[in-house]
Amino acid sequence: MFKSYHKKIISSALVASVVLLGTACNASSESDKHIEKAAPVKTEAKTPAKAEKKVEAKTASNPAVGPVNPTLSDGVKDTYASNGKHIVDGGVTYPIVNGKTGTYYVNEAAHTAHVQYGKTATSNEIKAWDIDVMPDGTGLPEGSGSVEDGDELYEEKCGSCHGDFGSGSGSYPALAQGNAYELQQTLVNQRTGPDMDGPRRNFGSYWPQASTFWWYVKTGMPHPAPLSLSDDDVYAITAYILSVNEIEIEGEELDDEYVLDRAKFLKISMPNKDGFVPVIDGPNGQDNARAFFNDASNYGNGVRCMKNCIEGDPIVQKIAQPIVDFQPALSSVKDLPAPKADAKPAHPGKAGYDKACAICHATDGMGAPDVGNKKAWTKVLEKGLDEVYANGINGINGMPPKGGGSMDDAAFKEIVDYMLEESK
């Protein structure tokens with residue numbers, strides 16, 4: 001959760017996202033990193049004799065569930081992991097009353113049956129899944145790349161989506177918008193007036209760790225061809241993005257000749273590294289998350305409850321300066337507009353193109369002939385229409401068969417016909 005000078009309010013979605021980060025970003029060694037990926041490990045919790053009795057009574061009837069604390073109101077019970085610690089997100093369990101835990105009936109037999117959670121992952125399975133890069137350098141390979149090389153790679157592989165100098169383009173996020181240290185100071189801005197600036201969030205100003213960027217670029221980018229970049233390519237692109245964010249490494253500016261390698265990468269200190277709570281990195285990450293989310297005073301109204309959570313009428317925050325003079329006026333009508341009398345029916349291949357092909361053929365940045373480019377498609381048609389169909393159906397160069405879609409040959413040909421018609 002991002003730090004703020006105002007009262008902290010958390011939605012369940014945000015809690016879930018932080019918890020997921022907590023499980024992914026808290027290890028400092030290989031053994032710690034996989035402890036929750038493998039089968040649960042039984043540990044002896046140091047608790048008073050009374051607490052131990054409660055544990056035995058609970059686990060005897062349901063060995064798949066850890067101990068509970070029945071002291072919360074309305075019979076609500078704290079939930080613990082198998083190692084005797086609170087679960088990370090501060091979750092609770094609710095007692096079955098008249099066959100229900102809430103509005104709906106539950107299968108009581110399922111609550112007392114022992115559940116088998118699959119099998120223990122093999123070392124090879126763990127190795128195949130373990131592709132993330134941790135803030136402490138775990139998973140980060142050796143390699144190097146210069147800012148200059150990263151600039152060229154960015155223009156070739158990334159610029160068509162993320163814009164010049166990482167400034168963002170359309171629905172693709174900005175990676176840089178100027179000096180990251182200055183933009184980080186805007187994160188506490190509140191738009192309380194019509195001319196006031198809001199927070200400026202991008203990789204440089206908002207992300208707490210550079211390791212997430214390295215891992216995401218390596219495994220997920222470029223979008224049409226993930227895992228196609230070498231380790232050196234990723235170091236170069238990372239160096240370039242750090243450079244356009246004006247981020248320094250140990251006080252040194254990243255000019256064109258600067259070469260980023262593993263040793264230098266581990267010295268990167270992002271401007272917003274301390275901007276989130278709880279601290280989820282390092283060996284104490286999950287314990288920090290447990291302590292934070294199990295203390296209700298850190299979020300919401302400070303009380304764990306499911307009903308009667310607010311005394312009196314709720315205070316609703318209203319917009320201080322609402323916009324009311326909309327042109328045209330706002331409407332709640334959800335009907336689709338009536339088709340124009342002279343409008344021609346949609347081409348049968350358009351829907352398939354939008355779904356499966358536009359990502360590469362909408363622009364010329366992907367190396368594929370872009371729709372609307374008469375010259376490019378005239379050159380393609382020199383092979384003959386039948387060969388164009390065959391190449392598309394079977395795949396050619398970087399294009400997978402049928403663009404990776406699962407439509408039949410006839411539907412694919414309709415898509416090709418649509419692209420040709422739009423490119424006359």
# chains A, B, ... in the order shown; residues from 1 in each chain; ligands from 1
>>> select_by_dssp(residues="region 150-373 of chain A", states="strand (DSSP E or B)", output="PDB file with N, CA and C atoms, in the first residue's frame")
ATOM      1  N   SER A 169       2.065   5.589 -24.821  1.00  0.00           N
ATOM      2  CA  SER A 169       1.350   5.752 -26.085  1.00  0.00           C
ATOM      3  C   SER A 169       0.026   5.027 -26.001  1.00  0.00           C
ATOM      4  N   TYR A 172      -0.906   2.015 -23.631  1.00  0.00           N
ATOM      5  CA  TYR A 172       0.320   1.431 -23.091  1.00  0.00           C
ATOM      6  C   TYR A 172       0.953   2.398 -22.090  1.00  0.00           C
ATOM      7  N   ILE A 249      23.034   5.849 -10.316  1.00  0.00           N
ATOM      8  CA  ILE A 249      23.487   4.676  -9.577  1.00  0.00           C
ATOM      9  C   ILE A 249      24.741   5.072  -8.813  1.00  0.00           C
ATOM     10  N   GLU A 252      26.129   8.372  -9.874  1.00  0.00           N
ATOM     11  CA  GLU A 252      26.626   8.508 -11.247  1.00  0.00           C
ATOM     12  C   GLU A 252      25.470   8.555 -12.234  1.00  0.00           C
ATOM     13  N   VAL A 259      27.614   1.319 -18.945  1.00  0.00           N
ATOM     14  CA  VAL A 259      27.325  -0.095 -19.116  1.00  0.00           C
ATOM     15  C   VAL A 259      26.785  -0.638 -17.789  1.00  0.00           C
ATOM     16  N   LEU A 260      25.568  -1.176 -17.839  1.00  0.00           N
ATOM     17  CA  LEU A 260      24.933  -1.747 -16.657  1.00  0.00           C
ATOM     18  C   LEU A 260      25.202  -3.249 -16.628  1.00  0.00           C
ATOM     19  N   ASP A 261      25.719  -3.740 -15.487  1.00  0.00           N
ATOM     20  CA  ASP A 261      25.899  -5.179 -15.318  1.00  0.00           C
ATOM     21  C   ASP A 261      25.241  -5.602 -14.006  1.00  0.00           C
ATOM     22  N   PHE A 276       6.038   2.286   0.292  1.00  0.00           N
ATOM     23  CA  PHE A 276       4.936   1.350   0.478  1.00  0.00           C
ATOM     24  C   PHE A 276       4.991   0.712   1.868  1.00  0.00           C
TER      25      PHE A 276
END
>>> residues_around(residues="Gly143 (chain A)", least_positions_apart="2", cutoff="12 Å", atoms="only C-alpha atoms", output="ChimeraX atom specification")
/A:140-141,145-146,214,230-236,238,259-265
>>> select_by_dssp(residues="region 206-394 of chain A", states="alpha helix (DSSP H)", output="PyMOL selection string")
chain A and resi 206+211-220+231-244+262-265+285-293+350-352+358-361+374-380+385-394
>>> residues_around(residues="region 244-248 of chain A", least_positions_apart="5", cutoff="7 Å", atoms="only C-alpha atoms", output="ChimeraX atom specification")
/A:165,176-180,204,253-254
>>> atom_distance(atom1="CA of Gly137 (chain A)", atom2="CA of Glu156 (chain A)")
28.0 Å
>>> atom_distance(atom1="CA of Arg201 (chain A)", atom2="CA of Leu187 (chain A)")
7.1 Å
>>> atom_distance(atom1="CA of Val133 (chain A)", atom2="CA of Ser211 (chain A)")
5.8 Å
>>> residues_around(residues="region 384-393 of chain A", least_positions_apart="6", cutoff="7 Å", atoms="only C-alpha atoms", output="count of residues only")
4
>>> residues_around(residues="Tyr181 (chain A)", least_positions_apart="4", cutoff="7 Å", atoms="only C-alpha atoms", output="ChimeraX atom specification")
/A:185,205,271
>>> write_last_selection(atoms="C-alpha atoms", output="JSON list (two decimals), in the first residue's frame")
[["chain", "number", "residue", "atom", "x", "y", "z"],
["A", 185, "GLN", "CA", 7.51, 13.99, -4.81],
["A", 205, "SER", "CA", 8.75, 7.56, -9.91],
["A", 271, "PRO", "CA", 13.28, 6.93, -5.65]]
>>> decode(residues="region 262-286 of chain A", atoms="N, CA and C atoms", output="PDB file, in the first residue's frame")
ATOM      1  N   ARG A 262      25.401  -6.859 -13.645  1.00  0.00           N
ATOM      2  CA  ARG A 262      24.720  -7.382 -12.458  1.00  0.00           C
ATOM      3  C   ARG A 262      25.159  -6.658 -11.187  1.00  0.00           C
ATOM      4  N   ALA A 263      26.480  -6.446 -11.041  1.00  0.00           N
ATOM      5  CA  ALA A 263      26.992  -5.794  -9.838  1.00  0.00           C
ATOM      6  C   ALA A 263      26.435  -4.383  -9.687  1.00  0.00           C
ATOM      7  N   LYS A 264      26.376  -3.642 -10.790  1.00  0.00           N
ATOM      8  CA  LYS A 264      25.843  -2.277 -10.734  1.00  0.00           C
ATOM      9  C   LYS A 264      24.341  -2.289 -10.523  1.00  0.00           C
ATOM     10  N   PHE A 265      23.664  -3.275 -11.125  1.00  0.00           N
ATOM     11  CA  PHE A 265      22.210  -3.359 -10.981  1.00  0.00           C
ATOM     12  C   PHE A 265      21.816  -3.488  -9.511  1.00  0.00           C
ATOM     13  N   LEU A 266      22.575  -4.273  -8.755  1.00  0.00           N
ATOM     14  CA  LEU A 266      22.251  -4.498  -7.349  1.00  0.00           C
ATOM     15  C   LEU A 266      22.464  -3.245  -6.498  1.00  0.00           C
ATOM     16  N   LYS A 267      23.077  -2.215  -7.070  1.00  0.00           N
ATOM     17  CA  LYS A 267      23.286  -0.962  -6.346  1.00  0.00           C
ATOM     18  C   LYS A 267      22.218   0.084  -6.681  1.00  0.00           C
ATOM     19  N   ILE A 268      21.252  -0.279  -7.546  1.00  0.00           N
ATOM     20  CA  ILE A 268      20.189   0.668  -7.910  1.00  0.00           C
ATOM     21  C   ILE A 268      19.304   0.924  -6.703  1.00  0.00           C
ATOM     22  N   SER A 269      19.040   2.181  -6.420  1.00  0.00           N
ATOM     23  CA  SER A 269      18.120   2.563  -5.344  1.00  0.00           C
ATOM     24  C   SER A 269      17.025   3.418  -5.966  1.00  0.00           C
ATOM     25  N   MET A 270      15.823   2.844  -6.106  1.00  0.00           N
ATOM     26  CA  MET A 270      14.726   3.546  -6.751  1.00  0.00           C
ATOM     27  C   MET A 270      14.199   4.671  -5.854  1.00  0.00           C
ATOM     28  N   PRO A 271      13.760   5.785  -6.442  1.00  0.00           N
ATOM     29  CA  PRO A 271      13.282   6.926  -5.647  1.00  0.00           C
ATOM     30  C   PRO A 271      12.168   6.574  -4.668  1.00  0.00           C
ATOM     31  N   ASN A 272      11.281   5.645  -5.042  1.00  0.00           N
ATOM     32  CA  ASN A 272      10.128   5.337  -4.195  1.00  0.00           C
ATOM     33  C   ASN A 272      10.295   4.021  -3.448  1.00  0.00           C
ATOM     34  N   LYS A 273      11.536   3.638  -3.150  1.00  0.00           N
ATOM     35  CA  LYS A 273      11.787   2.337  -2.520  1.00  0.00           C
ATOM     36  C   LYS A 273      11.137   2.235  -1.135  1.00  0.00           C
ATOM     37  N   ASP A 274      10.956   3.363  -0.439  1.00  0.00           N
ATOM     38  CA  ASP A 274      10.356   3.338   0.897  1.00  0.00           C
ATOM     39  C   ASP A 274       8.923   3.862   0.889  1.00  0.00           C
ATOM     40  N   GLY A 275       8.278   3.838  -0.270  1.00  0.00           N
ATOM     41  CA  GLY A 275       6.961   4.450  -0.391  1.00  0.00           C
ATOM     42  C   GLY A 275       5.786   3.531  -0.133  1.00  0.00           C
ATOM     43  N   PHE A 276       6.038   2.286   0.292  1.00  0.00           N
ATOM     44  CA  PHE A 276       4.936   1.350   0.478  1.00  0.00           C
ATOM     45  C   PHE A 276       4.991   0.712   1.868  1.00  0.00           C
ATOM     46  N   VAL A 277       3.824   0.391   2.376  1.00  0.00           N
ATOM     47  CA  VAL A 277       3.712  -0.382   3.628  1.00  0.00           C
ATOM     48  C   VAL A 277       2.751  -1.539   3.382  1.00  0.00           C
ATOM     49  N   PRO A 278       2.975  -2.702   4.013  1.00  0.00           N
ATOM     50  CA  PRO A 278       4.142  -3.034   4.825  1.00  0.00           C
ATOM     51  C   PRO A 278       5.361  -3.326   3.964  1.00  0.00           C
ATOM     52  N   VAL A 279       6.509  -3.474   4.619  1.00  0.00           N
ATOM     53  CA  VAL A 279       7.727  -3.830   3.901  1.00  0.00           C
ATOM     54  C   VAL A 279       7.666  -5.324   3.594  1.00  0.00           C
ATOM     55  N   ILE A 280       7.601  -5.661   2.315  1.00  0.00           N
ATOM     56  CA  ILE A 280       7.403  -7.066   1.937  1.00  0.00           C
ATOM     57  C   ILE A 280       8.656  -7.726   1.400  1.00  0.00           C
ATOM     58  N   ASP A 281       9.751  -6.967   1.271  1.00  0.00           N
ATOM     59  CA  ASP A 281      10.994  -7.548   0.779  1.00  0.00           C
ATOM     60  C   ASP A 281      11.798  -8.146   1.926  1.00  0.00           C
ATOM     61  N   GLY A 282      12.673  -9.080   1.598  1.00  0.00           N
ATOM     62  CA  GLY A 282      13.571  -9.644   2.589  1.00  0.00           C
ATOM     63  C   GLY A 282      12.972 -10.814   3.344  1.00  0.00           C
ATOM     64  N   PRO A 283      13.753 -11.417   4.223  1.00  0.00           N
ATOM     65  CA  PRO A 283      13.303 -12.625   4.930  1.00  0.00           C
ATOM     66  C   PRO A 283      12.140 -12.389   5.876  1.00  0.00           C
ATOM     67  N   ASN A 284      11.915 -11.148   6.295  1.00  0.00           N
ATOM     68  CA  ASN A 284      10.816 -10.854   7.227  1.00  0.00           C
ATOM     69  C   ASN A 284       9.582 -10.311   6.518  1.00  0.00           C
ATOM     70  N   GLY A 285       9.564 -10.405   5.181  1.00  0.00           N
ATOM     71  CA  GLY A 285       8.470  -9.814   4.415  1.00  0.00           C
ATOM     72  C   GLY A 285       7.096 -10.325   4.811  1.00  0.00           C
ATOM     73  N   GLN A 286       6.935 -11.636   4.890  1.00  0.00           N
ATOM     74  CA  GLN A 286       5.623 -12.174   5.213  1.00  0.00           C
ATOM     75  C   GLN A 286       5.225 -11.886   6.655  1.00  0.00           C
TER      76      GLN A 286
END
